[in-house]
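Structure file target31.cif (mmCIF, C-alpha atoms and all ligand atoms) follows.
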```cif
data_entry
#
loop_
_atom_site.label_atom_id
_atom_site.label_comp_id
_atom_site.auth_asym_id
_atom_site.auth_seq_id
_atom_site.Cartn_x
_atom_site.Cartn_y
_atom_site.Cartn_z
CA MET A 1 -102.04 -44.82 10.73
CA ILE A 2 -101.05 -48.34 9.79
CA VAL A 3 -103.22 -50.41 7.45
CA VAL A 4 -102.68 -54.18 7.41
CA MET A 5 -103.89 -55.79 4.18
CA SER A 6 -105.24 -59.35 4.20
CA PRO A 7 -102.97 -62.09 2.70
CA GLU A 8 -105.30 -62.36 -0.32
CA ALA A 9 -105.32 -58.60 -1.06
CA THR A 10 -104.79 -57.83 -4.73
CA GLU A 11 -102.58 -55.12 -6.20
CA THR A 12 -105.69 -53.15 -7.20
CA GLN A 13 -106.97 -53.27 -3.59
CA ILE A 14 -103.60 -52.03 -2.28
CA GLU A 15 -103.71 -49.19 -4.79
CA GLY A 16 -107.26 -48.38 -3.67
CA VAL A 17 -106.11 -47.93 -0.04
CA VAL A 18 -103.15 -45.78 -1.11
CA LYS A 19 -105.48 -43.57 -3.18
CA LYS A 20 -107.91 -43.15 -0.27
CA ILE A 21 -105.12 -42.22 2.20
CA ARG A 22 -103.77 -39.64 -0.29
CA GLU A 23 -107.26 -38.12 -0.54
CA TYR A 24 -106.89 -37.28 3.17
CA GLY A 25 -103.69 -35.37 2.37
CA CYS A 26 -101.29 -38.01 3.72
CA ASP A 27 -98.35 -39.66 2.05
CA THR A 28 -97.96 -43.45 2.07
CA ASN A 29 -95.25 -45.98 2.70
CA ILE A 30 -95.81 -49.53 1.42
CA SER A 31 -94.05 -52.40 3.15
CA ARG A 32 -94.41 -55.76 1.35
CA GLY A 33 -93.88 -58.81 3.58
CA VAL A 34 -93.98 -62.49 2.65
CA GLU A 35 -97.63 -62.88 3.63
CA ARG A 36 -98.99 -59.39 4.05
CA THR A 37 -98.59 -55.86 2.82
CA ILE A 38 -98.66 -53.05 5.33
CA ILE A 39 -99.43 -49.48 4.33
CA GLY A 40 -98.33 -46.62 6.55
CA ALA A 41 -99.98 -43.20 6.35
CA ILE A 42 -97.54 -40.31 6.81
CA GLY A 43 -98.79 -36.86 7.84
CA ASP A 44 -101.68 -35.65 10.02
CA GLU A 45 -103.55 -38.92 10.20
CA ARG A 46 -106.19 -37.68 12.69
CA SER A 47 -108.56 -36.78 9.87
CA ILE A 48 -108.46 -40.27 8.36
CA ASP A 49 -111.71 -42.10 9.03
CA LYS A 50 -110.70 -45.53 10.38
CA GLU A 51 -114.13 -47.03 9.74
CA LEU A 52 -113.95 -46.01 6.12
CA ILE A 53 -110.47 -47.52 5.69
CA ASP A 54 -111.57 -50.75 7.41
CA ALA A 55 -114.46 -51.00 4.95
CA LEU A 56 -112.19 -50.93 1.88
CA PRO A 57 -111.77 -54.26 0.05
CA GLY A 58 -108.65 -56.21 1.03
CA VAL A 59 -108.15 -54.43 4.38
CA GLU A 60 -107.71 -56.71 7.39
CA GLN A 61 -107.38 -54.00 10.02
CA SER A 62 -106.14 -50.47 10.53
CA MET A 63 -104.97 -48.54 13.56
CA HIS A 64 -104.27 -44.94 14.39
CA ILE A 65 -100.79 -44.26 15.76
CA VAL A 66 -101.22 -40.74 17.15
CA LYS A 67 -103.68 -39.87 19.91
CA PRO A 68 -107.05 -38.56 18.67
CA TYR A 69 -106.82 -35.65 21.13
CA LYS A 70 -104.26 -32.95 20.52
CA ILE A 71 -104.59 -29.78 22.63
CA VAL A 72 -105.31 -31.62 25.87
CA ALA A 73 -102.52 -34.19 25.36
CA ARG A 74 -99.40 -34.04 27.49
CA GLU A 75 -97.55 -35.35 24.46
CA TRP A 76 -97.62 -31.82 23.03
CA HIS A 77 -97.51 -29.85 26.29
CA LYS A 78 -95.16 -31.35 28.84
CA GLU A 79 -95.62 -28.90 31.74
CA ASN A 80 -98.66 -28.96 34.01
CA SER A 81 -101.23 -26.34 33.10
CA VAL A 82 -102.14 -24.27 36.12
CA ILE A 83 -105.62 -22.76 36.02
CA ASP A 84 -106.00 -19.30 37.48
CA ILE A 85 -109.35 -18.71 39.17
CA LYS A 86 -109.43 -15.09 40.34
CA GLY A 87 -105.86 -15.51 41.57
CA ILE A 88 -106.42 -18.99 43.10
CA LYS A 89 -104.17 -21.48 41.33
CA LEU A 90 -105.45 -24.98 40.57
CA GLY A 91 -103.02 -27.56 39.20
CA GLY A 92 -99.91 -26.14 40.82
CA ASN A 93 -98.25 -27.28 44.01
CA THR A 94 -101.23 -26.30 46.14
CA ILE A 95 -104.09 -28.76 46.51
CA GLN A 96 -107.41 -26.95 46.28
CA VAL A 97 -110.52 -28.11 48.10
CA ILE A 98 -113.79 -26.76 46.71
CA GLY A 99 -116.45 -27.05 49.40
CA GLY A 100 -120.12 -26.22 49.45
CA PRO A 101 -123.63 -27.60 49.36
CA CYS A 102 -125.07 -29.77 46.62
CA SER A 103 -127.66 -27.12 45.91
CA VAL A 104 -128.33 -23.50 46.67
CA GLU A 105 -131.39 -23.41 48.93
CA THR A 106 -131.76 -20.16 50.87
CA GLN A 107 -129.69 -17.04 51.47
CA GLN A 108 -129.19 -18.06 55.10
CA GLN A 109 -128.02 -21.55 54.15
CA MET A 110 -125.55 -20.11 51.61
CA ASP A 111 -124.28 -17.41 53.99
CA ASP A 112 -123.66 -20.02 56.69
CA ALA A 113 -122.11 -22.48 54.22
CA ALA A 114 -119.74 -19.82 52.86
CA LYS A 115 -118.56 -18.94 56.36
CA PHE A 116 -117.87 -22.59 57.21
CA VAL A 117 -116.17 -23.27 53.86
CA LYS A 118 -113.90 -20.30 54.42
CA ALA A 119 -113.24 -21.19 58.07
CA ALA A 120 -112.25 -24.74 57.08
CA GLY A 121 -109.54 -23.29 54.84
CA CYS A 122 -111.10 -23.85 51.38
CA HIS A 123 -110.37 -21.22 48.71
CA LEU A 124 -113.30 -21.96 46.40
CA MET A 125 -117.00 -22.71 46.91
CA ARG A 126 -119.43 -24.98 45.08
CA GLY A 127 -123.23 -24.98 44.91
CA GLY A 128 -125.79 -25.92 42.28
CA ALA A 129 -128.45 -23.44 41.21
CA PHE A 130 -129.59 -25.66 38.34
CA LYS A 131 -129.82 -29.30 39.41
CA PRO A 132 -129.87 -32.33 37.11
CA ARG A 133 -132.29 -34.55 39.03
CA THR A 134 -133.29 -38.07 38.08
CA SER A 135 -136.93 -37.28 38.82
CA PRO A 136 -138.69 -34.32 37.19
CA TYR A 137 -140.71 -34.01 40.42
CA ALA A 138 -137.64 -33.53 42.62
CA PHE A 139 -136.29 -30.07 43.53
CA GLN A 140 -134.76 -28.67 40.33
CA GLY A 141 -132.70 -25.89 41.90
CA LYS A 142 -133.40 -22.23 42.58
CA GLY A 143 -132.26 -21.15 39.12
CA VAL A 144 -131.16 -17.56 38.54
CA GLU A 145 -132.29 -16.60 42.04
CA GLY A 146 -129.85 -19.25 43.27
CA LEU A 147 -126.96 -17.69 41.34
CA GLU A 148 -127.76 -14.38 42.99
CA MET A 149 -127.81 -15.91 46.50
CA PHE A 150 -124.61 -17.83 45.80
CA ARG A 151 -122.76 -14.78 44.46
CA LYS A 152 -123.78 -12.71 47.49
CA ALA A 153 -122.77 -15.34 50.05
CA ALA A 154 -119.45 -16.20 48.38
CA ASP A 155 -118.51 -12.57 47.72
CA ALA A 156 -118.88 -11.79 51.42
CA GLN A 157 -116.16 -14.40 52.09
CA GLY A 158 -114.06 -13.65 49.01
CA LEU A 159 -114.63 -17.12 47.54
CA PRO A 160 -114.81 -17.76 43.78
CA ILE A 161 -117.86 -19.81 42.82
CA VAL A 162 -118.26 -23.14 41.01
CA THR A 163 -121.71 -24.01 39.65
CA GLU A 164 -123.19 -26.36 37.08
CA LEU A 165 -124.36 -25.29 33.63
CA MET A 166 -126.84 -27.71 32.07
CA ASP A 167 -128.35 -25.66 29.27
CA ILE A 168 -126.60 -23.54 26.62
CA ARG A 169 -129.42 -21.00 26.92
CA MET A 170 -128.22 -20.11 30.45
CA LEU A 171 -124.61 -19.41 29.44
CA ASP A 172 -125.10 -15.64 29.04
CA THR A 173 -126.76 -15.51 32.47
CA PHE A 174 -123.77 -17.37 33.94
CA LEU A 175 -121.46 -14.80 32.37
CA GLU A 176 -123.63 -11.93 33.66
CA TRP A 177 -123.40 -13.32 37.20
CA ASP A 178 -119.68 -13.77 36.64
CA VAL A 179 -119.68 -17.45 37.59
CA ASP A 180 -115.98 -18.13 38.19
CA VAL A 181 -115.92 -21.82 37.25
CA ILE A 182 -118.50 -23.51 35.03
CA GLN A 183 -119.17 -27.11 36.05
CA ILE A 184 -120.21 -29.57 33.36
CA GLY A 185 -121.93 -32.45 35.12
CA THR A 186 -121.61 -36.16 34.50
CA ARG A 187 -124.86 -36.23 32.53
CA SER A 188 -123.63 -33.50 30.18
CA MET A 189 -120.09 -34.70 29.48
CA GLN A 190 -121.01 -35.62 25.93
CA ASN A 191 -123.38 -32.74 25.26
CA PHE A 192 -121.08 -31.59 22.47
CA ASP A 193 -123.00 -28.40 21.70
CA LEU A 194 -122.70 -27.35 25.35
CA LEU A 195 -118.96 -28.16 25.30
CA LYS A 196 -118.48 -26.10 22.13
CA GLU A 197 -120.24 -23.11 23.71
CA VAL A 198 -118.19 -23.14 26.92
CA GLY A 199 -115.18 -23.57 24.66
CA ARG A 200 -115.95 -20.15 23.19
CA THR A 201 -115.65 -18.52 26.63
CA ARG A 202 -112.42 -18.26 28.60
CA LYS A 203 -114.03 -19.29 31.89
CA PRO A 204 -112.42 -22.16 33.78
CA VAL A 205 -114.48 -25.33 33.25
CA ILE A 206 -114.70 -28.36 35.55
CA LEU A 207 -115.47 -31.27 33.25
CA LYS A 208 -116.89 -34.16 35.23
CA ARG A 209 -116.46 -37.64 33.91
CA GLY A 210 -119.54 -39.16 32.32
CA MET A 211 -120.81 -41.91 34.61
CA SER A 212 -119.98 -44.56 32.00
CA ALA A 213 -117.34 -42.70 30.00
CA THR A 214 -113.97 -44.17 29.13
CA VAL A 215 -110.87 -42.07 29.76
CA SER A 216 -110.53 -41.62 26.02
CA GLU A 217 -114.11 -40.32 25.63
CA TRP A 218 -113.49 -37.97 28.54
CA LEU A 219 -110.32 -36.60 26.95
CA MET A 220 -112.14 -36.12 23.65
CA ALA A 221 -114.92 -34.22 25.44
CA ALA A 222 -112.23 -31.91 26.88
CA GLU A 223 -110.77 -31.53 23.39
CA TYR A 224 -114.13 -30.07 22.28
CA ILE A 225 -113.73 -27.30 24.88
CA ALA A 226 -110.06 -26.77 24.05
CA ALA A 227 -110.71 -26.69 20.30
CA GLY A 228 -112.87 -23.58 20.82
CA GLY A 229 -109.89 -21.81 22.36
CA ASN A 230 -110.72 -22.30 26.03
CA HIS A 231 -107.69 -23.92 27.63
CA ASN A 232 -108.90 -23.53 31.21
CA ILE A 233 -110.01 -27.09 31.80
CA ILE A 234 -110.13 -29.09 35.04
CA PHE A 235 -110.98 -32.80 34.92
CA CYS A 236 -113.12 -34.18 37.76
CA GLU A 237 -113.37 -37.89 38.52
CA ARG A 238 -116.65 -38.49 40.37
CA GLY A 239 -117.01 -42.24 40.21
CA VAL A 240 -118.37 -44.48 37.50
CA ARG A 241 -121.32 -46.87 37.30
CA SER A 242 -120.47 -50.37 38.43
CA PHE A 243 -122.15 -53.63 39.44
CA GLU A 244 -121.84 -52.68 43.13
CA THR A 245 -124.90 -51.32 44.90
CA TYR A 246 -123.40 -50.65 48.35
CA TYR A 247 -122.17 -47.23 47.27
CA ARG A 248 -123.40 -44.67 44.76
CA ASN A 249 -120.56 -44.91 42.24
CA MET A 250 -117.15 -46.59 42.08
CA LEU A 251 -114.36 -44.04 42.50
CA ASP A 252 -111.90 -44.79 39.74
CA VAL A 253 -108.64 -43.95 41.53
CA THR A 254 -106.73 -45.51 38.64
CA ALA A 255 -107.99 -42.76 36.36
CA ILE A 256 -106.01 -40.17 38.34
CA PRO A 257 -102.46 -41.26 37.37
CA VAL A 258 -103.72 -42.18 33.90
CA LEU A 259 -105.10 -38.69 33.32
CA LYS A 260 -102.03 -37.04 34.83
CA LYS A 261 -100.00 -38.96 32.25
CA GLU A 262 -102.30 -38.25 29.29
CA THR A 263 -103.12 -34.60 29.90
CA HIS A 264 -101.39 -31.50 31.23
CA PHE A 265 -104.63 -30.16 32.74
CA PRO A 266 -105.42 -30.49 36.47
CA VAL A 267 -107.37 -33.44 37.83
CA ILE A 268 -109.65 -33.18 40.85
CA VAL A 269 -111.87 -35.75 42.57
CA ASP A 270 -115.42 -35.56 43.85
CA PRO A 271 -115.54 -38.10 46.69
CA SER A 272 -119.11 -37.12 47.63
CA HIS A 273 -120.88 -38.34 44.47
CA ALA A 274 -118.58 -41.38 44.38
CA GLY A 275 -119.32 -42.80 47.82
CA GLY A 276 -122.73 -41.21 48.23
CA LYS A 277 -122.31 -41.26 52.04
CA ALA A 278 -120.61 -38.64 54.20
CA TRP A 279 -118.69 -41.29 56.18
CA MET A 280 -116.91 -42.49 53.03
CA VAL A 281 -115.72 -39.03 52.03
CA PRO A 282 -112.54 -38.83 54.21
CA ALA A 283 -111.18 -42.22 53.02
CA LEU A 284 -111.89 -41.50 49.36
CA SER A 285 -110.38 -38.03 49.70
CA ARG A 286 -107.19 -39.44 51.21
CA ALA A 287 -106.93 -41.97 48.40
CA ALA A 288 -107.46 -39.26 45.77
CA ILE A 289 -104.77 -36.96 47.14
CA ALA A 290 -102.34 -39.85 47.62
CA ALA A 291 -102.92 -40.88 43.99
CA GLY A 292 -101.98 -37.42 42.73
CA ALA A 293 -105.23 -35.43 42.50
CA ASP A 294 -104.80 -31.65 42.38
CA GLY A 295 -107.90 -31.00 44.44
CA LEU A 296 -111.28 -32.12 45.70
CA LEU A 297 -114.88 -31.09 45.07
CA VAL A 298 -116.66 -31.84 48.32
CA GLU A 299 -120.29 -31.45 49.37
CA MET A 300 -120.96 -29.92 52.77
CA HIS A 301 -124.02 -28.36 54.40
CA PRO A 302 -124.42 -26.22 57.51
CA LYS A 303 -127.07 -28.74 58.65
CA PRO A 304 -126.81 -31.92 56.52
CA CYS A 305 -130.05 -33.44 57.80
CA GLU A 306 -131.92 -30.42 56.44
CA ALA A 307 -130.32 -30.49 52.96
CA TRP A 308 -132.78 -30.37 50.06
CA CYS A 309 -130.54 -32.55 47.92
CA ASP A 310 -127.88 -35.24 48.60
CA ALA A 311 -128.26 -34.94 52.39
CA ASP A 312 -126.64 -38.33 52.99
CA GLN A 313 -123.33 -37.38 51.47
CA ALA A 314 -122.93 -33.86 52.87
CA LEU A 315 -120.22 -33.25 55.46
CA ASN A 316 -121.13 -31.05 58.40
CA PRO A 317 -118.89 -28.02 59.11
CA ASP A 318 -116.75 -29.92 61.65
CA GLU A 319 -116.28 -32.84 59.28
CA LEU A 320 -115.13 -30.50 56.53
CA LYS A 321 -112.60 -28.94 58.87
CA ASN A 322 -111.33 -32.36 59.97
CA LEU A 323 -111.04 -33.45 56.34
CA MET A 324 -108.76 -30.50 55.59
CA GLY A 325 -106.51 -31.56 58.48
CA GLU A 326 -106.39 -35.18 57.32
CA ILE A 327 -105.39 -34.45 53.76
CA LYS A 328 -102.83 -31.89 54.89
CA GLY A 329 -100.66 -34.72 56.22
CA ILE A 330 -100.80 -36.58 52.91
CA ALA A 331 -100.12 -33.39 50.96
CA GLN A 332 -97.00 -32.77 53.07
CA VAL A 333 -95.63 -36.25 52.36
CA LEU A 334 -96.03 -35.48 48.66
CA GLY A 335 -94.31 -32.12 49.06
CA ARG A 336 -97.52 -30.23 48.29
CA ASP A 337 -99.32 -27.45 50.11
CA ILE A 338 -102.97 -27.14 50.94
C1 LIG B 1 -123.03 -32.15 41.54
O1 LIG B 1 -121.81 -31.93 41.61
O2 LIG B 1 -123.86 -31.57 42.22
C2 LIG B 1 -123.52 -33.19 40.59
C3 LIG B 1 -124.79 -33.23 40.20
O3 LIG B 1 -122.56 -34.04 40.23
P1 LIG B 1 -122.51 -35.16 39.07
O4 LIG B 1 -122.71 -34.43 37.77
O5 LIG B 1 -121.14 -35.72 39.24
O6 LIG B 1 -123.58 -36.17 39.39
MN MN B 2 -124.92 -33.45 44.73
#
```

Encoded form using structure tokens:
Amino acid sequence: MIVVMSPEATETQIEGVVKKIREYGCDTNISRGVERTIIGAIGDERSIDKELIDALPGVEQSMHIVKPYKIVAREWHKENSVIDIKGIKLGGNTIQVIGGPCSVETQQQMDDAAKFVKAAGCHLMRGGAFKPRTSPYAFQGKGVEGLEMFRKAADAQGLPIVTELMDIRMLDTFLEWDVDVIQIGTRSMQNFDLLKEVGRTRKPVILKRGMSATVSEWLMAAEYIAAGGNHNIIFCERGVRSFETYYRNMLDVTAIPVLKKETHFPVIVDPSHAGGKAWMVPALSRAAIAAGADGLLVEMHPKPCEAWCDADQALNPDELKNLMGEIKGIAQVLGRDI
């Protein structure tokens, strides 16, 4: 950390800052210029409270030098982390497409969906048993019964399952049903207690970006999971809130190279919740893969017009198959497999 003192700062005020930095266990280096004195903190400066330093008399401004996140930072872990999901590798050379319905509805719907997901060439399946709905009167998901239907349908096709956890109290149930990947939804990205709990497990976690979260807040949320010892993290960009009303969210393609630079963990994209319309999904998917995403989380439904949730954005089985073909070409140009 660097602390810039104001031109009028007195010797006593400079000493006060030095004393405070030492209380945090850091050494100091004082550089006296013609107009200003600058104090450098040497050591693990992450624990120093910037707001507290800024509030000290005589301080003009202070800034941290090292990144606030540690375990998730590429700075400390140069190689890509590849997440192993029952033998399926995410974050390596192969681009993984996770397909499935928004929500688990019936056994028949899940059995059909699993067959189509598998036939399209996807290696993982998604489906929500617990749904975070804007209205309390909307379908809230089938709950534990949904996990059971999902497990049965996916097991028949040998597909690992991805499903959203909203409530800490359901974590043990998720572990009992051997959910392969725990999804943390956009509305829960900063539910720190939930992040800490999934951090105690070793289950792969898809951490969706909060709908108004900065990249830095997103990385810090991941750090909560990593700090508990769970280093099986997958970031998912799903679009952010914007001024535009034509589409559901604005897919932040820029976040893909930024995250790939800042973290060693895989980055996937959910084009379905970004566009909010099935016809936008292929274009957004192509953009995501071209920008360096390691995979996609795509909503599909055996019969989209009968979907109980997010019908407008669900691909039909043929569209999912076509999507796989389209992104294959882009993957090849990048030297990646699918
Ligand atoms: C979902 O994937 O079904 C979902 C609810 O997504 P998000 O949290 O991105 O809105
Ligand atoms: Mn959905």

I'd like the box whose edges run along x, y and z of the file and which contains every listed atom of stretch 219-224 of chain A, padded by 6 Å per side; could you state its centre and edge lengths in Å, one decimal, as lines of an AutoDock Vina configuration file?
```
center_x = -112.6
center_y = -33.3
center_z = 24.6
size_x = 16.6
size_y = 18.5
size_z = 16.7
```

Legend entry - Neighbour list for A:Lys142 as a list in words, cut-off 8 Å, only C-alpha atoms, skip fewer than 6 positions in-chain: Val104, Glu105, Ala129 and Phe130 of chain A

Inset, instruction - Just the residues within 8 Å of A:Met63, please, counting only C-alpha atoms, with nothing from its chain fewer than 2 positions along; format it as a list in words. - result: Met1, Ile2, Val3, Lys50, Gln61 and Ile65 of chain A

Any chance you can output those residues with C-alpha atoms as a PDB file, in the frame of the given file?
```pdb
ATOM      1  CA  MET A   1    -102.040 -44.820  10.730  1.00  0.00           C
ATOM      2  CA  ILE A   2    -101.050 -48.340   9.790  1.00  0.00           C
ATOM      3  CA  VAL A   3    -103.220 -50.410   7.450  1.00  0.00           C
ATOM      4  CA  LYS A  50    -110.700 -45.530  10.380  1.00  0.00           C
ATOM      5  CA  GLN A  61    -107.380 -54.000  10.020  1.00  0.00           C
ATOM      6  CA  ILE A  65    -100.790 -44.260  15.760  1.00  0.00           C
TER       7      ILE A  65
END
```

Legend entry - Minimum-distance residue to ligand MN 2 (chain B), chosen among A:Glu237, A:Glu164, A:Asp178, A:Asp318 (using only C-alpha atoms and all ligand atoms):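 For ligand MN 2 (chain B), the nearest of the candidates is A:Glu164.
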
Inset, instruction - Can you tell me which residues come within 12 Å of ligand MN 2 (chain B) when counting all atoms listed in the file, ideally as number ranges by chain? - result: A: 99-104, 126-134, 139-141, 163-164, 185-186, 238, 248, 270-278, 297-301, 307-315

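Residues surrounding stretch 203-216 of chain A within 6 Å are Val181, Ile182, Gln183, Ile184, Gly185, Thr186, Met189, Asn232, Ile233, Ile234, Phe235, Cys236, Glu237, Val240 and Arg241 of chain A [all atoms listed in the file; sequence separation below 6 positions excluded].
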
Inset, instruction - Point out the residue among A:Ile88, A:Met125, A:Ile256, A:Val198 with the least atom-to-atom distance to A:Ala290, counting only C-alpha atoms. - result: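 Among the listed residues, the smallest separation from A:Ala290 belongs to A:Ile256.
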
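Closest approach to A:Leu320 among A:Gly25, A:Gly228, A:Gly121, A:Pro257 is made by A:Gly121 (distances from all atoms listed in the file).
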